[in-house]
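Source file: run05.txt. Holds: compact mmCIF, N, CA, C and O atoms.
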# COMPACT_ATOMS: atom_id res chain seq x y z
N MET A 1 -0.42 -1.10 -23.22
CA MET A 1 0.82 -1.79 -22.96
C MET A 1 1.30 -2.56 -24.18
O MET A 1 2.49 -2.68 -24.39
N LEU A 2 0.38 -3.08 -24.96
CA LEU A 2 0.79 -3.82 -26.15
C LEU A 2 1.40 -2.90 -27.20
O LEU A 2 2.29 -3.30 -27.94
N VAL A 3 0.95 -1.65 -27.24
CA VAL A 3 1.51 -0.69 -28.18
C VAL A 3 2.96 -0.40 -27.83
O VAL A 3 3.80 -0.22 -28.71
N ASP A 4 3.27 -0.39 -26.53
CA ASP A 4 4.65 -0.12 -26.10
C ASP A 4 5.63 -1.19 -26.56
O ASP A 4 6.83 -0.93 -26.66
N LEU A 5 5.15 -2.39 -26.81
CA LEU A 5 6.05 -3.44 -27.29
C LEU A 5 6.61 -3.13 -28.67
O LEU A 5 7.72 -3.51 -29.00
N PHE A 6 5.82 -2.45 -29.49
CA PHE A 6 6.23 -2.16 -30.86
C PHE A 6 6.68 -0.71 -31.05
O PHE A 6 7.12 -0.35 -32.14
N ALA A 7 6.56 0.12 -30.03
CA ALA A 7 6.95 1.52 -30.15
C ALA A 7 8.46 1.65 -30.10
O ALA A 7 9.17 0.87 -29.45
N LYS A 8 8.97 2.65 -30.80
CA LYS A 8 10.40 2.89 -30.81
C LYS A 8 10.85 3.61 -29.54
O LYS A 8 11.92 3.35 -29.02
N ASN A 9 10.02 4.51 -29.03
CA ASN A 9 10.34 5.25 -27.81
C ASN A 9 9.58 4.60 -26.65
O ASN A 9 8.39 4.78 -26.50
N ARG A 10 10.28 3.86 -25.80
CA ARG A 10 9.65 3.13 -24.71
C ARG A 10 9.83 3.82 -23.36
O ARG A 10 9.74 3.19 -22.32
N SER A 11 10.10 5.07 -23.35
CA SER A 11 10.31 5.78 -22.09
C SER A 11 9.01 6.41 -21.61
O SER A 11 8.10 6.67 -22.38
N ILE A 12 8.94 6.64 -20.29
CA ILE A 12 7.81 7.33 -19.70
C ILE A 12 8.32 8.62 -19.09
O ILE A 12 9.51 8.72 -18.75
N PRO A 13 7.46 9.61 -18.91
CA PRO A 13 7.92 10.87 -18.30
C PRO A 13 8.34 10.64 -16.85
O PRO A 13 7.94 9.68 -16.19
N PHE A 14 9.14 11.57 -16.35
CA PHE A 14 9.65 11.46 -14.99
C PHE A 14 8.52 11.47 -13.98
O PHE A 14 8.52 10.69 -13.02
N LEU A 15 7.54 12.36 -14.16
CA LEU A 15 6.43 12.43 -13.20
C LEU A 15 5.60 11.15 -13.24
O LEU A 15 5.08 10.73 -12.21
N GLY A 16 5.47 10.54 -14.40
CA GLY A 16 4.77 9.26 -14.48
C GLY A 16 5.51 8.18 -13.71
O GLY A 16 4.89 7.35 -13.04
N CYS A 17 6.82 8.19 -13.80
CA CYS A 17 7.64 7.23 -13.06
C CYS A 17 7.53 7.47 -11.55
O CYS A 17 7.40 6.52 -10.77
N ALA A 18 7.57 8.73 -11.14
CA ALA A 18 7.46 9.06 -9.72
C ALA A 18 6.08 8.68 -9.19
O ALA A 18 5.97 8.16 -8.07
N LEU A 19 5.05 8.91 -9.98
CA LEU A 19 3.69 8.55 -9.55
C LEU A 19 3.55 7.03 -9.44
O LEU A 19 2.95 6.52 -8.49
N GLN A 20 4.13 6.32 -10.38
CA GLN A 20 4.08 4.85 -10.33
C GLN A 20 4.82 4.34 -9.09
O GLN A 20 4.35 3.42 -8.41
N PHE A 21 5.94 4.93 -8.77
CA PHE A 21 6.69 4.55 -7.58
C PHE A 21 5.91 4.86 -6.31
O PHE A 21 5.88 4.07 -5.36
N LEU A 22 5.23 6.01 -6.29
CA LEU A 22 4.43 6.41 -5.13
C LEU A 22 3.27 5.44 -4.90
O LEU A 22 3.05 4.99 -3.77
N VAL A 23 2.57 5.08 -5.95
CA VAL A 23 1.46 4.13 -5.83
C VAL A 23 1.97 2.76 -5.41
O VAL A 23 1.36 2.09 -4.57
N PHE A 24 3.10 2.35 -5.95
CA PHE A 24 3.70 1.07 -5.55
C PHE A 24 4.02 1.06 -4.06
O PHE A 24 3.75 0.08 -3.36
N CYS A 25 4.59 2.15 -3.55
CA CYS A 25 4.94 2.22 -2.13
C CYS A 25 3.70 2.21 -1.25
O CYS A 25 3.69 1.59 -0.19
N ILE A 26 2.64 2.91 -1.67
CA ILE A 26 1.39 2.91 -0.89
C ILE A 26 0.85 1.49 -0.77
O ILE A 26 0.52 1.04 0.33
N PHE A 27 0.77 0.77 -1.88
CA PHE A 27 0.19 -0.56 -1.82
C PHE A 27 1.12 -1.57 -1.16
O PHE A 27 0.65 -2.52 -0.54
N THR A 28 2.42 -1.37 -1.22
CA THR A 28 3.34 -2.26 -0.53
C THR A 28 3.22 -2.09 0.98
O THR A 28 3.14 -3.08 1.72
N ASP A 29 3.19 -0.84 1.44
CA ASP A 29 3.01 -0.60 2.88
C ASP A 29 1.66 -1.12 3.35
O ASP A 29 1.55 -1.71 4.43
N SER A 30 0.63 -0.90 2.55
CA SER A 30 -0.71 -1.36 2.93
C SER A 30 -0.78 -2.88 2.98
O SER A 30 -1.47 -3.45 3.83
N GLU A 31 -0.08 -3.55 2.09
CA GLU A 31 -0.09 -5.02 2.09
C GLU A 31 0.56 -5.57 3.36
O GLU A 31 0.06 -6.53 3.94
N CYS A 32 1.64 -4.96 3.79
CA CYS A 32 2.28 -5.40 5.04
C CYS A 32 1.35 -5.20 6.23
O CYS A 32 1.24 -6.06 7.10
N LEU A 33 0.69 -4.06 6.28
CA LEU A 33 -0.26 -3.81 7.36
C LEU A 33 -1.47 -4.73 7.28
O LEU A 33 -2.01 -5.15 8.31
N LEU A 34 -1.90 -5.05 6.09
CA LEU A 34 -3.02 -5.95 5.92
C LEU A 34 -2.69 -7.35 6.45
O LEU A 34 -3.54 -8.01 7.05
N LEU A 35 -1.46 -7.79 6.26
CA LEU A 35 -1.04 -9.08 6.82
C LEU A 35 -1.10 -9.05 8.35
O LEU A 35 -1.48 -10.05 8.98
N ALA A 36 -0.74 -7.93 8.95
CA ALA A 36 -0.81 -7.81 10.40
C ALA A 36 -2.26 -7.84 10.88
O ALA A 36 -2.58 -8.47 11.89
N VAL A 37 -3.16 -7.18 10.16
CA VAL A 37 -4.58 -7.20 10.52
C VAL A 37 -5.16 -8.60 10.36
O VAL A 37 -5.95 -9.05 11.19
N MET A 38 -4.74 -9.31 9.33
CA MET A 38 -5.20 -10.69 9.15
C MET A 38 -4.71 -11.58 10.29
O MET A 38 -5.45 -12.46 10.77
N ALA A 39 -3.49 -11.36 10.74
CA ALA A 39 -2.97 -12.14 11.87
C ALA A 39 -3.75 -11.83 13.14
O ALA A 39 -4.06 -12.74 13.93
N TYR A 40 -4.11 -10.57 13.35
CA TYR A 40 -4.92 -10.19 14.51
C TYR A 40 -6.30 -10.84 14.43
O TYR A 40 -6.82 -11.33 15.44
N ASP A 41 -6.87 -10.87 13.25
CA ASP A 41 -8.18 -11.49 13.06
C ASP A 41 -8.12 -12.98 13.40
O ASP A 41 -8.99 -13.51 14.09
N ARG A 42 -7.09 -13.66 12.94
CA ARG A 42 -6.95 -15.10 13.26
C ARG A 42 -6.70 -15.30 14.75
O ARG A 42 -7.19 -16.26 15.34
N TYR A 43 -5.95 -14.39 15.38
CA TYR A 43 -5.72 -14.49 16.82
C TYR A 43 -7.03 -14.39 17.59
O TYR A 43 -7.28 -15.18 18.51
N LYS A 44 -7.86 -13.43 17.21
CA LYS A 44 -9.16 -13.28 17.88
C LYS A 44 -10.05 -14.49 17.65
O LYS A 44 -10.78 -14.91 18.54
N ALA A 45 -9.99 -15.09 16.48
CA ALA A 45 -10.82 -16.25 16.17
C ALA A 45 -10.37 -17.49 16.94
O ALA A 45 -11.19 -18.31 17.37
N ILE A 46 -9.07 -17.64 17.13
CA ILE A 46 -8.55 -18.83 17.81
C ILE A 46 -8.63 -18.69 19.33
O ILE A 46 -8.97 -19.63 20.04
N SER A 47 -8.34 -17.50 19.84
CA SER A 47 -8.29 -17.33 21.29
C SER A 47 -9.68 -17.36 21.94
O SER A 47 -9.81 -17.83 23.06
N ASN A 48 -10.68 -16.85 21.27
CA ASN A 48 -12.03 -16.81 21.82
C ASN A 48 -13.05 -17.11 20.72
O ASN A 48 -13.72 -16.20 20.23
N PRO A 49 -13.20 -18.35 20.32
CA PRO A 49 -14.05 -18.65 19.16
C PRO A 49 -15.53 -18.33 19.37
O PRO A 49 -16.21 -17.96 18.42
N LEU A 50 -16.03 -18.44 20.59
CA LEU A 50 -17.44 -18.17 20.81
C LEU A 50 -17.78 -16.69 20.79
O LEU A 50 -18.91 -16.31 20.49
N LEU A 51 -16.81 -15.86 21.10
CA LEU A 51 -17.05 -14.42 21.09
C LEU A 51 -16.50 -13.73 19.84
O LEU A 51 -16.46 -12.51 19.77
N TYR A 52 -16.08 -14.51 18.85
CA TYR A 52 -15.46 -13.94 17.66
C TYR A 52 -16.41 -13.01 16.90
O TYR A 52 -16.03 -11.92 16.50
N THR A 53 -17.65 -13.43 16.72
CA THR A 53 -18.59 -12.61 15.95
C THR A 53 -18.95 -11.33 16.69
O THR A 53 -19.30 -10.33 16.05
N VAL A 54 -18.84 -11.34 18.00
CA VAL A 54 -19.12 -10.13 18.77
C VAL A 54 -17.93 -9.17 18.70
O VAL A 54 -18.09 -7.97 18.48
N SER A 55 -16.73 -9.71 18.90
CA SER A 55 -15.55 -8.84 18.95
C SER A 55 -15.10 -8.37 17.57
O SER A 55 -14.50 -7.31 17.45
N MET A 56 -15.37 -9.16 16.53
CA MET A 56 -14.97 -8.76 15.17
C MET A 56 -16.21 -8.57 14.31
O MET A 56 -16.46 -9.31 13.36
N SER A 57 -16.97 -7.55 14.63
CA SER A 57 -18.18 -7.26 13.86
C SER A 57 -17.80 -6.67 12.51
O SER A 57 -16.63 -6.38 12.23
N SER A 58 -18.78 -6.50 11.67
CA SER A 58 -18.49 -5.94 10.34
C SER A 58 -18.01 -4.49 10.45
O SER A 58 -17.21 -4.04 9.63
N ARG A 59 -18.46 -3.79 11.47
CA ARG A 59 -18.00 -2.41 11.67
C ARG A 59 -16.51 -2.40 12.04
O ARG A 59 -15.74 -1.58 11.53
N VAL A 60 -16.11 -3.31 12.92
CA VAL A 60 -14.70 -3.38 13.32
C VAL A 60 -13.83 -3.76 12.12
O VAL A 60 -12.76 -3.19 11.90
N CYS A 61 -14.29 -4.71 11.33
CA CYS A 61 -13.53 -5.11 10.14
C CYS A 61 -13.41 -3.96 9.15
O CYS A 61 -12.34 -3.75 8.57
N SER A 62 -14.48 -3.20 8.97
CA SER A 62 -14.43 -2.04 8.06
C SER A 62 -13.46 -0.98 8.58
O SER A 62 -12.71 -0.38 7.80
N LEU A 63 -13.49 -0.74 9.89
CA LEU A 63 -12.57 0.24 10.46
C LEU A 63 -11.11 -0.22 10.34
O LEU A 63 -10.22 0.60 10.08
N LEU A 64 -10.88 -1.51 10.53
CA LEU A 64 -9.52 -2.02 10.37
C LEU A 64 -9.03 -1.86 8.93
O LEU A 64 -7.88 -1.49 8.69
N MET A 65 -9.89 -2.15 7.99
CA MET A 65 -9.49 -2.01 6.58
C MET A 65 -9.24 -0.55 6.21
O MET A 65 -8.29 -0.23 5.51
N ALA A 66 -10.12 0.33 6.69
CA ALA A 66 -9.91 1.76 6.42
C ALA A 66 -8.62 2.23 7.07
O ALA A 66 -7.87 3.02 6.48
N GLY A 67 -8.35 1.75 8.28
CA GLY A 67 -7.12 2.11 8.98
C GLY A 67 -5.89 1.64 8.25
O GLY A 67 -4.87 2.33 8.20
N VAL A 68 -5.97 0.45 7.66
CA VAL A 68 -4.82 -0.08 6.91
C VAL A 68 -4.46 0.84 5.76
O VAL A 68 -3.29 1.20 5.58
N TYR A 69 -5.43 1.26 4.99
CA TYR A 69 -5.10 2.09 3.83
C TYR A 69 -4.77 3.53 4.22
O TYR A 69 -3.95 4.17 3.56
N LEU A 70 -5.37 4.04 5.29
CA LEU A 70 -5.00 5.38 5.75
C LEU A 70 -3.58 5.40 6.29
O LEU A 70 -2.81 6.32 5.99
N VAL A 71 -3.22 4.39 7.06
CA VAL A 71 -1.85 4.33 7.58
C VAL A 71 -0.88 4.05 6.44
O VAL A 71 0.24 4.57 6.41
N GLY A 72 -1.29 3.23 5.48
CA GLY A 72 -0.44 2.97 4.32
C GLY A 72 -0.13 4.23 3.55
O GLY A 72 1.00 4.42 3.08
N MET A 73 -1.11 5.11 3.40
CA MET A 73 -0.84 6.38 2.73
C MET A 73 -0.06 7.33 3.64
O MET A 73 0.73 8.14 3.16
N GLY A 74 -0.27 7.21 4.94
CA GLY A 74 0.46 8.06 5.88
C GLY A 74 1.91 7.67 6.06
O GLY A 74 2.72 8.46 6.53
N MET A 75 2.26 6.43 5.69
CA MET A 75 3.62 5.97 5.86
C MET A 75 4.54 6.44 4.74
O MET A 75 5.70 6.04 4.66
N LEU A 76 4.05 7.29 3.87
CA LEU A 76 4.89 7.81 2.79
C LEU A 76 5.78 8.92 3.31
O LEU A 76 5.67 10.07 2.95
N ASP A 77 6.68 8.55 4.17
CA ASP A 77 7.60 9.54 4.71
C ASP A 77 8.82 9.64 3.80
O ASP A 77 8.79 9.24 2.65
N THR A 78 9.88 10.14 4.31
CA THR A 78 11.02 10.47 3.46
C THR A 78 11.65 9.27 2.77
O THR A 78 12.19 9.42 1.68
N HIS A 79 11.60 8.09 3.36
CA HIS A 79 12.26 6.97 2.69
C HIS A 79 11.49 6.52 1.46
O HIS A 79 12.06 5.86 0.60
N ASP A 80 10.22 6.86 1.34
CA ASP A 80 9.45 6.46 0.17
C ASP A 80 9.48 7.50 -0.95
O ASP A 80 9.39 7.15 -2.11
N ILE A 81 9.57 8.77 -0.58
CA ILE A 81 9.50 9.79 -1.63
C ILE A 81 10.78 10.60 -1.76
O ILE A 81 10.83 11.55 -2.53
N SER A 82 11.83 10.24 -1.03
CA SER A 82 13.04 11.05 -1.09
C SER A 82 13.74 10.95 -2.43
O SER A 82 14.24 11.94 -2.96
N LEU A 83 13.77 9.77 -3.04
CA LEU A 83 14.45 9.61 -4.32
C LEU A 83 13.78 10.41 -5.43
O LEU A 83 14.46 11.17 -6.13
N PRO A 84 12.45 10.29 -5.63
CA PRO A 84 11.85 11.12 -6.69
C PRO A 84 11.99 12.61 -6.44
O PRO A 84 12.22 13.37 -7.37
N LEU A 85 11.89 13.05 -5.18
CA LEU A 85 12.05 14.48 -4.90
C LEU A 85 13.47 14.94 -5.14
O LEU A 85 13.69 16.03 -5.67
N MET A 86 14.44 14.12 -4.79
CA MET A 86 15.83 14.48 -5.03
C MET A 86 16.11 14.56 -6.53
O MET A 86 16.76 15.49 -7.01
N LEU A 87 15.59 13.60 -7.30
CA LEU A 87 15.80 13.63 -8.74
C LEU A 87 15.09 14.81 -9.38
O LEU A 87 15.60 15.41 -10.33
N LEU A 88 13.92 15.15 -8.88
CA LEU A 88 13.19 16.31 -9.40
C LEU A 88 13.96 17.59 -9.08
O LEU A 88 14.01 18.51 -9.90
N TRP A 89 14.57 17.66 -7.90
CA TRP A 89 15.32 18.84 -7.50
C TRP A 89 16.59 18.97 -8.35
O TRP A 89 16.98 20.07 -8.74
N LEU A 90 17.24 17.85 -8.67
CA LEU A 90 18.46 17.89 -9.47
C LEU A 90 18.18 18.22 -10.93
O LEU A 90 19.05 18.69 -11.64
N LYS A 91 16.98 17.94 -11.38
CA LYS A 91 16.63 18.18 -12.76
C LYS A 91 16.48 19.63 -12.98
O LYS A 91 16.81 20.46 -13.51
Transcribe the structure of this file into structure tokens.
Amino acid sequence: MLVDLFAKNRSIPFLGCALQFLVFCIFTDSECLLLAVMAYDRYKAISNPLLYTVSMSSRVCSLLMAGVYLVGMGMLDTHDISLPLMLLWLK
């Protein structure tokens, strides 16, 4: 990145831009879902504090985290990838 500050050509290839946009969308969707999972975790902790360790075991937490990233990657429907595909088609 420091080399790009002094380079004369500061452009990136189109596929690099599309890939960067795709990764950004995956992590943005996953972050929103992660906030929902955190809210659910706090709800379980507040509503039933004595049963919290039973209901939110490490296995459940791992499954929730895996679900967040799987759904985050699955949410890449047309609104996330339509612009790069349209630009690629027009090129």
- prompt: In terms of the shortest atom-to-atom distance over only C-alpha atoms, which of A:Ala39, A:Ile26, A:Ser47, A:Arg59 is closest to Met73 (chain A)?
  reply: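 Answer, going by the shortest atom-to-atom distance: A:Ile26.
You will find CA of Val68 (chain A) at 5.9 Å from CA of Ser30 (chain A).
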Pairwise distance, CA of Met75 (chain A) with CA of Val23 (chain A), equals 12.0 Å
Pairwise distance, CA of Tyr40 (chain A) with atom O of Phe21 (chain A), equals 26.7 Å
Produce the centre coordinates and the three edge lengths, each in Å to one decimal, of the box along x, y and z that contains all listed atoms of region 51-68 of chain A with 4 Å added on each side, as lines of an AutoDock Vina configuration file.
center_x = -11.3
center_y = -6.4
center_z = 13.3
size_x = 24.0
size_y = 26.9
size_z = 23.6
- Determine the nearest neighbour of Asp29 (chain A) from the options A:Leu15, A:Val71, A:Met65, A:Leu50, counting only N, CA, C and O atoms.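 Closest residue, counting only N, CA, C and O atoms: A:Val71.
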Write out as a PyMOL selection string which residues come within 10 Å of Val37 (chain A) when counting only C-alpha atoms, dropping same-chain ones fewer than 4 positions away. chain A and resi 31-33+41-43+61+64-65+67-68
Q) Nearest to Phe27 (chain A): which of A:Lys44, A:Gly72, A:Ser62, A:Pro13 is it, counting only N, CA, C and O atoms? A)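 Going through A:Lys44, A:Gly72, A:Ser62, A:Pro13 one by one, the smallest distance to Phe27 (chain A) is for A:Gly72.
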